[in-house]
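Chemist: For reference, this is coords.txt, and it has compact mmCIF, C-alpha atoms.
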```txt
# COMPACT_ATOMS: atom_id res chain seq x y z
CA MET A 9 -17.75 2.19 -4.99
CA ARG A 10 -18.53 2.95 -1.34
CA PHE A 11 -18.47 0.41 1.49
CA GLY A 12 -17.71 0.04 5.19
CA ALA A 13 -14.26 -0.59 6.57
CA ALA A 14 -12.39 -0.41 9.88
CA VAL A 15 -9.86 2.43 9.59
CA LEU A 16 -6.85 2.90 11.86
CA ARG A 17 -5.87 6.57 11.85
CA ALA A 18 -3.24 6.71 14.60
CA TYR A 19 -0.91 4.18 16.19
CA ASP A 20 -2.40 4.77 19.64
CA SER A 21 -6.09 5.02 18.70
CA GLY A 22 -8.84 2.48 18.21
CA PHE A 23 -10.26 1.38 14.88
CA ALA A 24 -13.19 3.39 13.52
CA LEU A 25 -15.85 1.94 11.24
CA GLU A 26 -16.07 4.36 8.30
CA GLU A 27 -17.34 4.62 4.77
CA VAL A 28 -14.47 4.28 2.31
CA ILE A 29 -14.32 4.71 -1.46
CA LEU A 30 -12.76 2.49 -4.07
CA ASN A 31 -12.08 4.82 -6.98
CA ALA A 32 -11.33 2.16 -9.58
CA GLY A 33 -12.39 -1.44 -10.07
CA PRO A 34 -10.06 -4.40 -10.54
CA ALA A 35 -7.29 -3.93 -13.10
CA ASP A 36 -5.63 -6.66 -15.15
CA GLY A 37 -4.81 -9.61 -12.94
CA GLU A 38 -6.95 -8.39 -10.04
CA VAL A 39 -10.25 -9.40 -8.48
CA LEU A 40 -12.77 -7.64 -6.27
CA VAL A 41 -13.77 -9.84 -3.32
CA ARG A 42 -16.79 -9.43 -1.08
CA ILE A 43 -15.35 -10.25 2.33
CA ALA A 44 -17.26 -12.85 4.36
CA GLY A 45 -14.79 -12.95 7.25
CA CYS A 46 -11.30 -11.79 8.13
CA GLY A 47 -9.02 -13.13 10.84
CA MET A 48 -7.22 -10.75 13.17
CA CYS A 49 -3.50 -11.53 13.26
CA ARG A 50 -0.89 -10.17 15.67
CA THR A 51 0.91 -8.74 12.64
CA ASP A 52 -2.08 -6.40 12.20
CA LEU A 53 -1.76 -5.30 15.81
CA ALA A 54 2.03 -4.92 15.55
CA VAL A 55 1.44 -1.89 13.30
CA ARG A 56 0.99 0.04 16.54
CA ARG A 57 4.60 -0.75 17.41
CA SER A 58 6.06 -0.24 13.93
CA ALA A 59 7.70 3.09 14.75
CA GLY A 60 5.87 4.77 11.89
CA ARG A 61 7.13 2.42 9.17
CA SER A 62 3.63 1.24 8.30
CA PRO A 63 1.77 4.27 6.90
CA LEU A 64 -1.50 5.48 8.36
CA PRO A 65 -4.39 6.02 7.97
CA ALA A 66 -4.96 2.52 6.69
CA VAL A 67 -7.40 -0.36 6.48
CA LEU A 68 -5.56 -3.37 7.88
CA GLY A 69 -6.57 -7.04 7.76
CA HIS A 70 -4.75 -9.76 5.85
CA GLU A 71 -6.61 -13.00 6.60
CA GLY A 72 -9.61 -12.34 4.40
CA ALA A 73 -11.94 -14.80 2.72
CA GLY A 74 -15.05 -14.29 0.65
CA THR A 75 -16.63 -14.39 -2.78
CA VAL A 76 -15.31 -12.97 -6.05
CA ALA A 77 -17.60 -10.10 -7.02
CA GLU A 78 -15.77 -8.86 -10.12
CA THR A 79 -12.68 -9.80 -12.14
CA GLY A 80 -10.27 -7.52 -13.96
CA GLY A 81 -9.02 -7.86 -17.49
CA GLY A 82 -6.86 -10.74 -18.59
CA ASP A 83 -7.05 -14.30 -17.37
CA THR A 84 -7.25 -14.21 -13.58
CA GLY A 85 -8.10 -17.90 -13.33
CA LEU A 86 -11.11 -16.94 -11.21
CA SER A 87 -14.78 -16.30 -11.91
CA VAL A 88 -17.49 -14.25 -10.28
CA GLY A 89 -19.00 -16.30 -7.46
CA ASP A 90 -15.85 -18.28 -6.66
CA HIS A 91 -15.11 -18.69 -2.97
CA VAL A 92 -11.55 -17.64 -2.18
CA VAL A 93 -9.07 -17.39 0.68
CA LEU A 94 -6.73 -14.41 0.48
CA SER A 95 -3.05 -14.68 1.35
CA PHE A 96 0.08 -12.51 1.31
CA ASP A 97 1.25 -10.48 -1.70
CA SER A 98 4.31 -11.26 -3.85
CA CYS A 99 5.66 -9.97 -7.12
CA GLY A 100 5.71 -13.31 -8.99
CA ARG A 101 8.78 -12.24 -10.97
CA CYS A 102 11.85 -12.28 -8.69
CA ARG A 103 14.13 -15.30 -8.30
CA THR A 104 12.55 -16.53 -5.10
CA CYS A 105 9.01 -16.24 -6.46
CA MET A 106 10.12 -18.10 -9.58
CA ARG A 107 11.53 -20.82 -7.32
CA ALA A 108 8.10 -21.32 -5.69
CA ALA A 109 9.11 -19.43 -2.53
CA PRO A 110 6.79 -16.38 -2.62
CA ALA A 111 7.13 -15.78 1.13
CA TYR A 112 10.73 -14.72 0.44
CA CYS A 113 9.81 -12.41 -2.43
CA ASP A 114 12.39 -9.67 -2.96
CA SER A 115 9.57 -7.13 -2.53
CA PHE A 116 7.80 -8.83 0.40
CA ALA A 117 8.29 -6.00 2.91
CA SER A 118 7.28 -3.20 0.55
CA LEU A 119 4.26 -5.07 -0.83
CA ASN A 120 2.93 -6.35 2.47
CA LEU A 121 4.15 -4.24 5.37
CA TYR A 122 5.05 -0.76 4.18
CA GLY A 123 2.17 0.45 2.08
CA GLY A 124 1.65 -1.93 -0.83
CA ARG A 125 2.00 -1.40 -4.54
CA GLU A 126 2.78 2.14 -5.76
CA GLU A 127 0.20 1.85 -8.52
CA ASP A 128 -2.53 1.57 -5.86
CA THR A 129 -1.93 5.07 -4.48
CA GLY A 130 -5.08 7.14 -4.76
CA ARG A 131 -7.36 4.22 -5.61
CA PHE A 132 -8.55 3.87 -2.03
CA THR A 133 -9.76 6.90 -0.05
CA ASP A 134 -11.93 7.84 2.87
CA ALA A 135 -15.30 9.54 2.40
CA ALA A 136 -13.63 12.98 2.37
CA GLY A 137 -11.23 11.96 -0.40
CA GLY A 138 -8.21 11.53 1.89
CA GLU A 139 -5.86 8.79 0.71
CA LEU A 140 -5.67 5.55 2.66
CA ALA A 141 -2.50 3.48 2.57
CA PRO A 142 -2.47 1.09 -0.41
CA ARG A 143 -3.44 -2.49 0.23
CA TRP A 144 -2.12 -3.97 3.48
CA PHE A 145 -0.69 -7.42 2.64
CA GLY A 146 -2.32 -7.07 -0.76
CA GLN A 147 -5.78 -7.01 0.85
CA SER A 148 -6.85 -4.45 3.47
CA SER A 149 -9.63 -6.88 4.33
CA PHE A 150 -11.01 -5.41 7.58
CA ALA A 151 -13.73 -4.26 5.21
CA GLU A 152 -16.79 -5.31 3.25
CA TYR A 153 -14.77 -5.54 0.02
CA ALA A 154 -11.14 -5.88 -1.00
CA ILE A 155 -9.25 -5.56 -4.28
CA VAL A 156 -6.51 -8.20 -4.50
CA PRO A 157 -4.06 -9.58 -7.07
CA ALA A 158 -5.53 -12.82 -8.35
CA ARG A 159 -2.28 -14.60 -7.44
CA ASN A 160 -3.14 -13.88 -3.76
CA ALA A 161 -6.59 -15.50 -4.00
CA VAL A 162 -6.94 -19.26 -3.61
CA ARG A 163 -10.18 -20.87 -4.80
CA VAL A 164 -11.76 -23.21 -2.23
CA ASP A 165 -14.66 -25.65 -2.10
CA PRO A 166 -17.89 -23.59 -2.03
CA THR A 167 -19.45 -26.01 0.48
CA LEU A 168 -16.95 -24.91 3.14
CA PRO A 169 -17.81 -22.13 5.66
CA VAL A 170 -15.92 -19.42 3.80
CA GLU A 171 -16.39 -16.87 6.60
CA LEU A 172 -14.09 -18.98 8.82
CA LEU A 173 -11.36 -19.76 6.29
CA GLY A 174 -9.42 -16.48 6.27
CA PRO A 175 -6.84 -17.47 8.93
CA LEU A 176 -5.71 -20.25 6.59
CA GLY A 177 -4.13 -17.46 4.51
CA CYS A 178 -1.59 -16.44 7.16
CA GLY A 179 -1.64 -17.47 10.84
CA PHE A 180 -2.73 -21.08 10.45
CA LEU A 181 -0.78 -21.35 7.19
CA THR A 182 2.39 -20.24 9.00
CA GLY A 183 2.20 -22.78 11.81
CA ALA A 184 1.02 -25.68 9.70
CA GLY A 185 3.41 -24.86 6.88
CA ALA A 186 6.41 -24.83 9.22
CA VAL A 187 5.60 -28.42 10.22
CA LEU A 188 4.51 -29.78 6.84
CA ASN A 189 6.81 -27.79 4.51
CA SER A 190 9.83 -26.51 6.42
CA PHE A 191 10.25 -29.60 8.60
CA GLY A 192 8.48 -32.21 6.49
CA ALA A 193 7.53 -33.93 9.75
CA GLY A 194 5.96 -37.36 9.61
CA PRO A 195 5.39 -40.58 11.58
CA GLY A 196 8.26 -41.33 13.94
CA ASP A 197 9.30 -37.68 14.20
CA SER A 198 8.90 -35.47 17.25
CA VAL A 199 7.92 -31.80 17.16
CA ALA A 200 8.08 -29.37 20.08
CA VAL A 201 6.00 -26.21 19.70
CA PHE A 202 6.85 -23.25 21.93
CA GLY A 203 3.86 -20.95 22.34
CA ALA A 204 0.28 -22.19 22.07
CA GLY A 205 -1.28 -19.25 20.29
CA ALA A 206 -2.87 -19.36 16.84
CA VAL A 207 0.37 -20.13 14.98
CA GLY A 208 1.59 -22.61 17.58
CA LEU A 209 -1.70 -24.49 17.81
CA ALA A 210 -1.85 -24.71 14.00
CA ALA A 211 1.58 -26.33 14.20
CA VAL A 212 0.29 -28.72 16.87
CA MET A 213 -2.65 -29.74 14.69
CA ALA A 214 -0.43 -30.21 11.64
CA ALA A 215 2.14 -32.26 13.55
CA THR A 216 -0.59 -34.46 15.01
CA ALA A 217 -2.15 -34.89 11.57
CA ALA A 218 1.28 -35.85 10.19
CA GLY A 219 1.64 -38.60 12.80
CA ALA A 220 4.47 -36.96 14.77
CA THR A 221 4.83 -37.01 18.54
CA THR A 222 3.97 -33.46 19.56
CA VAL A 223 4.86 -31.46 22.68
CA ALA A 224 3.35 -28.02 23.36
CA VAL A 225 5.14 -25.58 25.67
CA ASP A 226 3.30 -22.59 27.11
CA ARG A 227 2.93 -20.73 30.40
CA HIS A 228 -0.90 -20.60 30.37
CA PRO A 229 -2.67 -23.72 31.72
CA GLY A 230 -5.72 -23.04 29.55
CA ARG A 231 -3.66 -22.94 26.35
CA LEU A 232 -1.86 -26.15 27.39
CA ALA A 233 -5.21 -27.85 27.98
CA LEU A 234 -6.34 -26.81 24.51
CA ALA A 235 -3.09 -28.08 22.98
CA GLU A 236 -3.59 -31.39 24.77
CA ARG A 237 -7.11 -31.72 23.32
CA LEU A 238 -5.54 -31.18 19.89
CA GLY A 239 -3.11 -34.07 20.39
CA ALA A 240 -0.05 -32.56 22.10
CA ILE A 241 1.74 -33.51 25.29
CA PRO A 242 1.53 -30.39 27.49
CA LEU A 243 4.68 -28.99 29.11
CA SER A 244 4.72 -25.85 31.23
CA ALA A 245 7.21 -23.20 30.16
CA ALA A 246 7.91 -22.66 33.87
CA SER A 247 9.04 -26.27 34.36
CA PRO A 248 12.49 -26.49 35.98
CA GLY A 249 15.03 -28.14 33.73
CA LEU A 250 12.80 -27.62 30.69
CA PRO A 251 15.27 -28.93 28.04
CA GLY A 252 15.84 -32.13 30.01
CA ARG A 253 12.11 -32.71 30.46
CA LEU A 254 11.61 -32.17 26.73
CA ARG A 255 14.34 -34.67 25.87
CA ARG A 256 12.75 -37.27 28.14
CA LEU A 257 9.31 -36.75 26.57
CA THR A 258 10.74 -37.16 23.05
CA ASP A 259 13.08 -40.11 23.60
CA GLY A 260 16.36 -38.22 23.52
CA GLY A 261 15.28 -34.90 22.08
CA ALA A 262 12.85 -33.43 19.59
CA ARG A 263 13.79 -33.69 15.96
CA TYR A 264 12.07 -30.39 15.24
CA ALA A 265 11.09 -27.39 17.37
CA LEU A 266 9.09 -24.31 16.43
CA ASP A 267 9.30 -21.13 18.49
CA THR A 268 6.46 -18.64 18.16
CA THR A 269 7.32 -16.60 21.26
CA GLY A 270 10.50 -14.68 20.39
CA SER A 271 11.71 -15.33 23.96
CA ALA A 272 15.50 -15.73 24.12
CA ARG A 273 15.19 -18.08 27.11
CA LEU A 274 12.70 -20.34 25.39
CA ILE A 275 14.67 -20.30 22.12
CA ASN A 276 17.71 -21.57 24.01
CA ASP A 277 15.59 -24.15 25.85
CA ALA A 278 14.24 -25.31 22.49
CA LEU A 279 17.75 -25.70 21.06
CA LEU A 280 18.95 -27.60 24.12
CA GLY A 281 15.89 -29.87 23.91
CA LEU A 282 16.68 -30.95 20.33
CA ARG A 283 18.28 -34.25 19.44
CA PRO A 284 21.55 -34.20 17.43
CA THR A 285 21.01 -32.64 13.96
CA GLY A 286 17.67 -31.23 15.17
CA HIS A 287 16.16 -28.13 13.56
CA LEU A 288 14.65 -25.15 15.37
CA GLY A 289 12.47 -22.82 13.32
CA LEU A 290 11.61 -19.28 14.41
CA VAL A 291 8.51 -17.49 13.19
CA ALA A 292 8.41 -14.49 15.55
CA ARG A 293 10.33 -11.38 14.61
CA LEU A 294 13.20 -10.71 17.03
CA HIS A 295 13.59 -7.12 18.22
CA THR A 296 16.82 -7.54 20.20
CA ALA A 297 20.05 -9.51 19.88
CA LEU A 298 19.67 -13.23 20.50
CA PRO A 299 22.31 -14.67 22.85
CA ILE A 300 22.93 -18.39 22.26
CA GLU A 301 23.97 -20.43 25.29
CA PRO A 302 27.17 -22.48 25.08
CA GLY A 303 26.40 -25.92 23.68
CA ALA A 304 23.00 -24.99 22.33
CA LEU A 305 24.13 -25.29 18.69
CA ASP A 306 26.43 -28.28 19.19
CA ARG A 307 26.01 -31.69 17.55
CA GLY A 308 24.63 -30.48 14.25
CA ARG A 309 21.69 -28.59 15.68
CA ARG A 310 20.58 -25.69 13.50
CA ILE A 311 18.30 -22.69 13.66
CA SER A 312 16.48 -20.84 10.87
CA HIS A 313 13.77 -18.25 10.38
CA ILE A 314 10.59 -19.43 8.67
CA CYS A 315 8.34 -16.97 6.85
CA GLU A 316 4.69 -17.80 6.09
CA GLY A 317 5.36 -21.50 6.64
CA ASP A 318 7.48 -21.72 3.46
CA ALA A 319 4.09 -21.98 1.77
CA VAL A 320 2.83 -21.65 -1.74
CA PRO A 321 -0.71 -20.69 -0.63
CA GLY A 322 -2.38 -22.26 -3.66
CA LEU A 323 -0.95 -25.63 -2.63
CA LEU A 324 -1.09 -25.53 1.16
CA ILE A 325 -4.53 -23.97 1.69
CA PRO A 326 -6.38 -26.76 -0.18
CA ARG A 327 -4.32 -29.30 1.77
CA LEU A 328 -5.42 -27.75 5.05
CA THR A 329 -9.09 -27.57 4.08
CA GLY A 330 -8.86 -31.23 3.06
CA LEU A 331 -7.40 -32.13 6.46
CA TRP A 332 -10.21 -30.15 8.13
CA GLN A 333 -12.85 -32.00 6.13
CA ALA A 334 -11.24 -35.25 7.26
CA GLY A 335 -11.43 -34.14 10.91
CA ARG A 336 -7.64 -33.88 11.23
CA PHE A 337 -7.10 -30.11 11.35
CA PRO A 338 -9.93 -28.69 13.51
CA PHE A 339 -8.93 -25.03 13.18
CA ASP A 340 -12.53 -23.91 13.69
CA GLN A 341 -12.16 -24.81 17.38
CA LEU A 342 -9.71 -21.91 17.76
CA ILE A 343 -12.01 -19.25 16.25
CA ARG A 344 -14.39 -16.79 17.86
CA THR A 345 -16.33 -14.51 15.52
CA TYR A 346 -17.14 -10.83 16.05
CA PRO A 347 -19.08 -8.32 13.96
CA LEU A 348 -16.66 -6.00 12.17
CA ALA A 349 -18.16 -3.16 14.23
CA ASP A 350 -16.74 -4.85 17.35
CA ILE A 351 -13.16 -4.84 16.06
CA ASN A 352 -11.83 -2.98 19.11
CA GLU A 353 -13.35 -5.58 21.45
CA ALA A 354 -11.77 -8.31 19.32
CA GLU A 355 -8.38 -6.60 19.62
CA ARG A 356 -8.70 -6.31 23.41
CA ASP A 357 -9.67 -9.98 23.71
CA CYS A 358 -6.77 -11.00 21.46
CA GLU A 359 -4.22 -8.96 23.42
CA ALA A 360 -5.54 -10.30 26.72
CA GLY A 361 -5.39 -13.91 25.52
CA ARG A 362 -9.14 -14.42 25.91
CA VAL A 363 -9.42 -15.67 22.33
CA VAL A 364 -6.98 -17.60 20.14
CA LYS A 365 -8.15 -16.36 16.74
CA PRO A 366 -10.72 -13.58 16.33
CA VAL A 367 -12.52 -13.54 12.99
CA LEU A 368 -14.39 -10.37 11.99
CA LEU A 369 -17.64 -10.69 10.03
CA PRO A 370 -18.59 -7.57 8.04
CA GLU A 371 -22.27 -8.45 7.79
CA ASP A 372 -22.83 -10.31 11.07
CA SER A 373 -24.72 -8.52 13.82
CA GLY A 374 -24.16 -10.99 16.61
CA GLY A 375 -20.94 -12.99 16.31
CA ARG A 376 -20.52 -16.12 18.37
```
Kindly transcribe the structure held in the file into structure tokens.
Modeler:
Amino acid sequence: MRFGAAVLRAYDSGFALEEVILNAGPADGEVLVRIAGCGMCRTDLAVRRSAGRSPLPAVLGHEGAGTVAETGGGDTGLSVGDHVVLSFDSCGRCRTCMRAAPAYCDSFASLNLYGGREEDTGRFTDAAGGELAPRWFGQSSFAEYAIVPARNAVRVDPTLPVELLGPLGCGFLTGAGAVLNSFGAGPGDSVAVFGAGAVGLAAVMAATAAGATTVAVDRHPGRLALAERLGAIPLSAASPGLPGRLRRLTDGGARYALDTTGSARLINDALLGLRPTGHLGLVARLHTALPIEPGALDRGRRISHICEGDAVPGLLIPRLTGLWQAGRFPFDQLIRTYPLADINEAERDCEAGRVVKPVLLPEDSGGR
């Protein structure tokens, strides 16, 4: 099967739209999905800084959504024509998967970040027969089609705009899941979100939907204005005495804080802005040692890393689409669409902060 895909061949080069070949259809427990849209996530772009750990050439993309075109043998639980959102890969057999924590799968890094499943080698090639890295995050969905494990594919209401739903499989899932799953925030709680990008704004929307008082911290006035429209109290990251200002806005300190920036200064500000027994969650990967200021972890405050919003995608994605249908999770306001052929423009806009969440449309000629 031949189809178009955006291929990254070198860490310092642009994406190239090429014809690729799928040499075998879906196996047992797999489905072939015709991609309607795929979000661009900063994890895709971080491949450029992966020091060679993520193999190239590869088709990236891990926020895909589309329609099931073919199912493999066995009971996949899906049928041709189903609309699905694709999420991260997991083995389904290790202790953490069995405990409904697939984001902490023992094989998460190898399945999602470092080349995918060994059995996929050779199934996916370029037009000259050169091997492409096995499925990125179980998908490789910067393409017209993707083969995915059925456990990664979540059926959604066919009346929804499937081309816009892909970011619910990772970026929006991570921010919203941190608030709804990791924190369990609700009415009477306060949530401070550091960084008003795609993950942070998803957390803002989820906290607002949950009835929590929400504060958004960012250095860009435009992002703060957007967070305010989504229900948050805006607070500049450059504010002097930031922890004290946060405590005053949240009546003695936030119960929960989410950092999406990876900034040591802001992480310490977040800790110092928590109330006693408050919880700070980190979603960004830290690349250097994290110094903790004296007193920042006093009085029962704690810090943890949160992966993929502690989500079981099959449970959280329908919850988020339901909130969107009720007008309480307006994630579509964060999206700008691009034709897949304009993937390099989408990357430039994402890196420059001109767009919160780019979504690539394989068959669209105009975007919006």
Chemist: Please measure the separation of CA of Leu324 (chain A) and CA of Ala13 (chain A), giving the value in Å to one decimal.
Modeler: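 Interatomic distance, CA of Leu324 (chain A) to CA of Ala13 (chain A): 28.7 Å.
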Chemist: So which residues are close to (7.9, -28.4, 32.1), meaning at most 12 Å away in the file's coordinates with all atoms listed in the file counted, and can you show them as a ChimeraX atom specification?
Modeler: /A:202,223-229,232,241-257,274,277-278,281
Chemist: Given the selection you just returned, output its residues as a file containing C-alpha atoms, formatted as a PDB file, in the coordinates of the input.
Modeler:
```pdb
ATOM      1  CA  PHE A 202       6.850 -23.250  21.930  1.00  0.00           C
ATOM      2  CA  VAL A 223       4.860 -31.460  22.680  1.00  0.00           C
ATOM      3  CA  ALA A 224       3.350 -28.020  23.360  1.00  0.00           C
ATOM      4  CA  VAL A 225       5.140 -25.580  25.670  1.00  0.00           C
ATOM      5  CA  ASP A 226       3.300 -22.590  27.110  1.00  0.00           C
ATOM      6  CA  ARG A 227       2.930 -20.730  30.400  1.00  0.00           C
ATOM      7  CA  HIS A 228      -0.900 -20.600  30.370  1.00  0.00           C
ATOM      8  CA  PRO A 229      -2.670 -23.720  31.720  1.00  0.00           C
ATOM      9  CA  LEU A 232      -1.860 -26.150  27.390  1.00  0.00           C
ATOM     10  CA  ILE A 241       1.740 -33.510  25.290  1.00  0.00           C
ATOM     11  CA  PRO A 242       1.530 -30.390  27.490  1.00  0.00           C
ATOM     12  CA  LEU A 243       4.680 -28.990  29.110  1.00  0.00           C
ATOM     13  CA  SER A 244       4.720 -25.850  31.230  1.00  0.00           C
ATOM     14  CA  ALA A 245       7.210 -23.200  30.160  1.00  0.00           C
ATOM     15  CA  ALA A 246       7.910 -22.660  33.870  1.00  0.00           C
ATOM     16  CA  SER A 247       9.040 -26.270  34.360  1.00  0.00           C
ATOM     17  CA  PRO A 248      12.490 -26.490  35.980  1.00  0.00           C
ATOM     18  CA  GLY A 249      15.030 -28.140  33.730  1.00  0.00           C
ATOM     19  CA  LEU A 250      12.800 -27.620  30.690  1.00  0.00           C
ATOM     20  CA  PRO A 251      15.270 -28.930  28.040  1.00  0.00           C
ATOM     21  CA  GLY A 252      15.840 -32.130  30.010  1.00  0.00           C
ATOM     22  CA  ARG A 253      12.110 -32.710  30.460  1.00  0.00           C
ATOM     23  CA  LEU A 254      11.610 -32.170  26.730  1.00  0.00           C
ATOM     24  CA  ARG A 255      14.340 -34.670  25.870  1.00  0.00           C
ATOM     25  CA  ARG A 256      12.750 -37.270  28.140  1.00  0.00           C
ATOM     26  CA  LEU A 257       9.310 -36.750  26.570  1.00  0.00           C
ATOM     27  CA  LEU A 274      12.700 -20.340  25.390  1.00  0.00           C
ATOM     28  CA  ASP A 277      15.590 -24.150  25.850  1.00  0.00           C
ATOM     29  CA  ALA A 278      14.240 -25.310  22.490  1.00  0.00           C
ATOM     30  CA  GLY A 281      15.890 -29.870  23.910  1.00  0.00           C
TER      31      GLY A 281
END
```
Chemist: Nearest to Ser312 (chain A) among A:Leu266, A:Ala35, A:Ala154, A:Cys178, with distances taken over only C-alpha atoms: which residue is it?
Modeler: A:Leu266
Chemist: Name the closest residue to Pro321 (chain A) among the candidates A:Pro65, A:Gly270, A:Gly80, A:Gly174; distances are taken between atoms, counting all atoms listed in the file.
Modeler: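 For Pro321 (chain A), the nearest of the given residues is A:Gly174.
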Chemist: So, counting only C-alpha atoms, which residue among A:Thr133, A:Thr167, A:Thr296, A:Thr51 is closest to His91 (chain A)?
Modeler: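 Nearest candidate to His91 (chain A) out of A:Thr133, A:Thr167, A:Thr296, A:Thr51: A:Thr167.
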Chemist: Give me, as a list in words, all polymer residues having an atom no more than 10 Å from Gly192 (chain A), counting all atoms listed in the file and skipping those fewer than 4 positions away in the same chain.
Modeler: Gly185, Ala186, Val187, Leu188, Asp197, Ala215, Ala218 and Tyr264 of chain A
Chemist: Rounded to one decimal in Å, what is the spacing between CA of Gly81 (chain A) and CA of Ala161 (chain A)?
Modeler: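 So the two atoms, CA of Gly81 (chain A) and CA of Ala161 (chain A), lie 15.7 Å apart.
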Chemist: A:Asn31, A:Gln147, A:Ser118, A:Asn160: which is nearest Gly85 (chain A), counting all atoms listed in the file?
Modeler: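 Once distances to Gly85 (chain A) are computed over all atoms listed in the file, the minimum belongs to A:Asn160.
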Chemist: Neighbouring residues of Ala240 (chain A) were defined as those with any atom within 12 Å, considering all atoms listed in the file; residues of the same chain fewer than 6 positions away were excluded. Please report them as a PyMOL selection string.
Modeler: chain A and resi 198-202+204+208-217+219-226+231-234+257-258
Chemist: Restricted to C-alpha atoms, what would the selected residues look like written as a PDB file, in the coordinates of the input?
Modeler:
```pdb
ATOM      1  CA  SER A 198       8.900 -35.470  17.250  1.00  0.00           C
ATOM      2  CA  VAL A 199       7.920 -31.800  17.160  1.00  0.00           C
ATOM      3  CA  ALA A 200       8.080 -29.370  20.080  1.00  0.00           C
ATOM      4  CA  VAL A 201       6.000 -26.210  19.700  1.00  0.00           C
ATOM      5  CA  PHE A 202       6.850 -23.250  21.930  1.00  0.00           C
ATOM      6  CA  ALA A 204       0.280 -22.190  22.070  1.00  0.00           C
ATOM      7  CA  GLY A 208       1.590 -22.610  17.580  1.00  0.00           C
ATOM      8  CA  LEU A 209      -1.700 -24.490  17.810  1.00  0.00           C
ATOM      9  CA  ALA A 210      -1.850 -24.710  14.000  1.00  0.00           C
ATOM     10  CA  ALA A 211       1.580 -26.330  14.200  1.00  0.00           C
ATOM     11  CA  VAL A 212       0.290 -28.720  16.870  1.00  0.00           C
ATOM     12  CA  MET A 213      -2.650 -29.740  14.690  1.00  0.00           C
ATOM     13  CA  ALA A 214      -0.430 -30.210  11.640  1.00  0.00           C
ATOM     14  CA  ALA A 215       2.140 -32.260  13.550  1.00  0.00           C
ATOM     15  CA  THR A 216      -0.590 -34.460  15.010  1.00  0.00           C
ATOM     16  CA  ALA A 217      -2.150 -34.890  11.570  1.00  0.00           C
ATOM     17  CA  GLY A 219       1.640 -38.600  12.800  1.00  0.00           C
ATOM     18  CA  ALA A 220       4.470 -36.960  14.770  1.00  0.00           C
ATOM     19  CA  THR A 221       4.830 -37.010  18.540  1.00  0.00           C
ATOM     20  CA  THR A 222       3.970 -33.460  19.560  1.00  0.00           C
ATOM     21  CA  VAL A 223       4.860 -31.460  22.680  1.00  0.00           C
ATOM     22  CA  ALA A 224       3.350 -28.020  23.360  1.00  0.00           C
ATOM     23  CA  VAL A 225       5.140 -25.580  25.670  1.00  0.00           C
ATOM     24  CA  ASP A 226       3.300 -22.590  27.110  1.00  0.00           C
ATOM     25  CA  ARG A 231      -3.660 -22.940  26.350  1.00  0.00           C
ATOM     26  CA  LEU A 232      -1.860 -26.150  27.390  1.00  0.00           C
ATOM     27  CA  ALA A 233      -5.210 -27.850  27.980  1.00  0.00           C
ATOM     28  CA  LEU A 234      -6.340 -26.810  24.510  1.00  0.00           C
ATOM     29  CA  LEU A 257       9.310 -36.750  26.570  1.00  0.00           C
ATOM     30  CA  THR A 258      10.740 -37.160  23.050  1.00  0.00           C
TER      31      THR A 258
END
```
Chemist: Point out the residue among A:Leu86, A:Ala14, A:Leu290, A:Ala109 with the least atom-to-atom distance to Gly69 (chain A), counting only C-alpha atoms.
Modeler: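 Distance minimum relative to Gly69 (chain A) lands on A:Ala14.
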Chemist: Which residues, written as a list in words, have at least one atom at most 12 Å from Val55 (chain A), with only C-alpha atoms counted and residues fewer than 4 positions away on the same chain left out?
Modeler: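 Surrounding residues, per the criterion: Leu16, Arg17, Ala18, Tyr19, Asp20, Ser21, Cys49, Arg50, Thr51, Ala59, Gly60, Arg61, Ser62, Pro63, Leu64, Pro65, Ala66, Val67, Leu68, Gly69, Asn120, Leu121, Tyr122, Gly123 and Trp144 of chain A.
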Chemist: Create the file for the chosen residues now, containing C-alpha atoms and written as a tab-separated table (two decimals), keeping the file's coordinate frame.
Modeler:
```
chain	number	residue	atom	x	y	z
A	16	LEU	CA	-6.85	2.90	11.86
A	17	ARG	CA	-5.87	6.57	11.85
A	18	ALA	CA	-3.24	6.71	14.60
A	19	TYR	CA	-0.91	4.18	16.19
A	20	ASP	CA	-2.40	4.77	19.64
A	21	SER	CA	-6.09	5.02	18.70
A	49	CYS	CA	-3.50	-11.53	13.26
A	50	ARG	CA	-0.89	-10.17	15.67
A	51	THR	CA	0.91	-8.74	12.64
A	59	ALA	CA	7.70	3.09	14.75
A	60	GLY	CA	5.87	4.77	11.89
A	61	ARG	CA	7.13	2.42	9.17
A	62	SER	CA	3.63	1.24	8.30
A	63	PRO	CA	1.77	4.27	6.90
A	64	LEU	CA	-1.50	5.48	8.36
A	65	PRO	CA	-4.39	6.02	7.97
A	66	ALA	CA	-4.96	2.52	6.69
A	67	VAL	CA	-7.40	-0.36	6.48
A	68	LEU	CA	-5.56	-3.37	7.88
A	69	GLY	CA	-6.57	-7.04	7.76
A	120	ASN	CA	2.93	-6.35	2.47
A	121	LEU	CA	4.15	-4.24	5.37
A	122	TYR	CA	5.05	-0.76	4.18
A	123	GLY	CA	2.17	0.45	2.08
A	144	TRP	CA	-2.12	-3.97	3.48
```
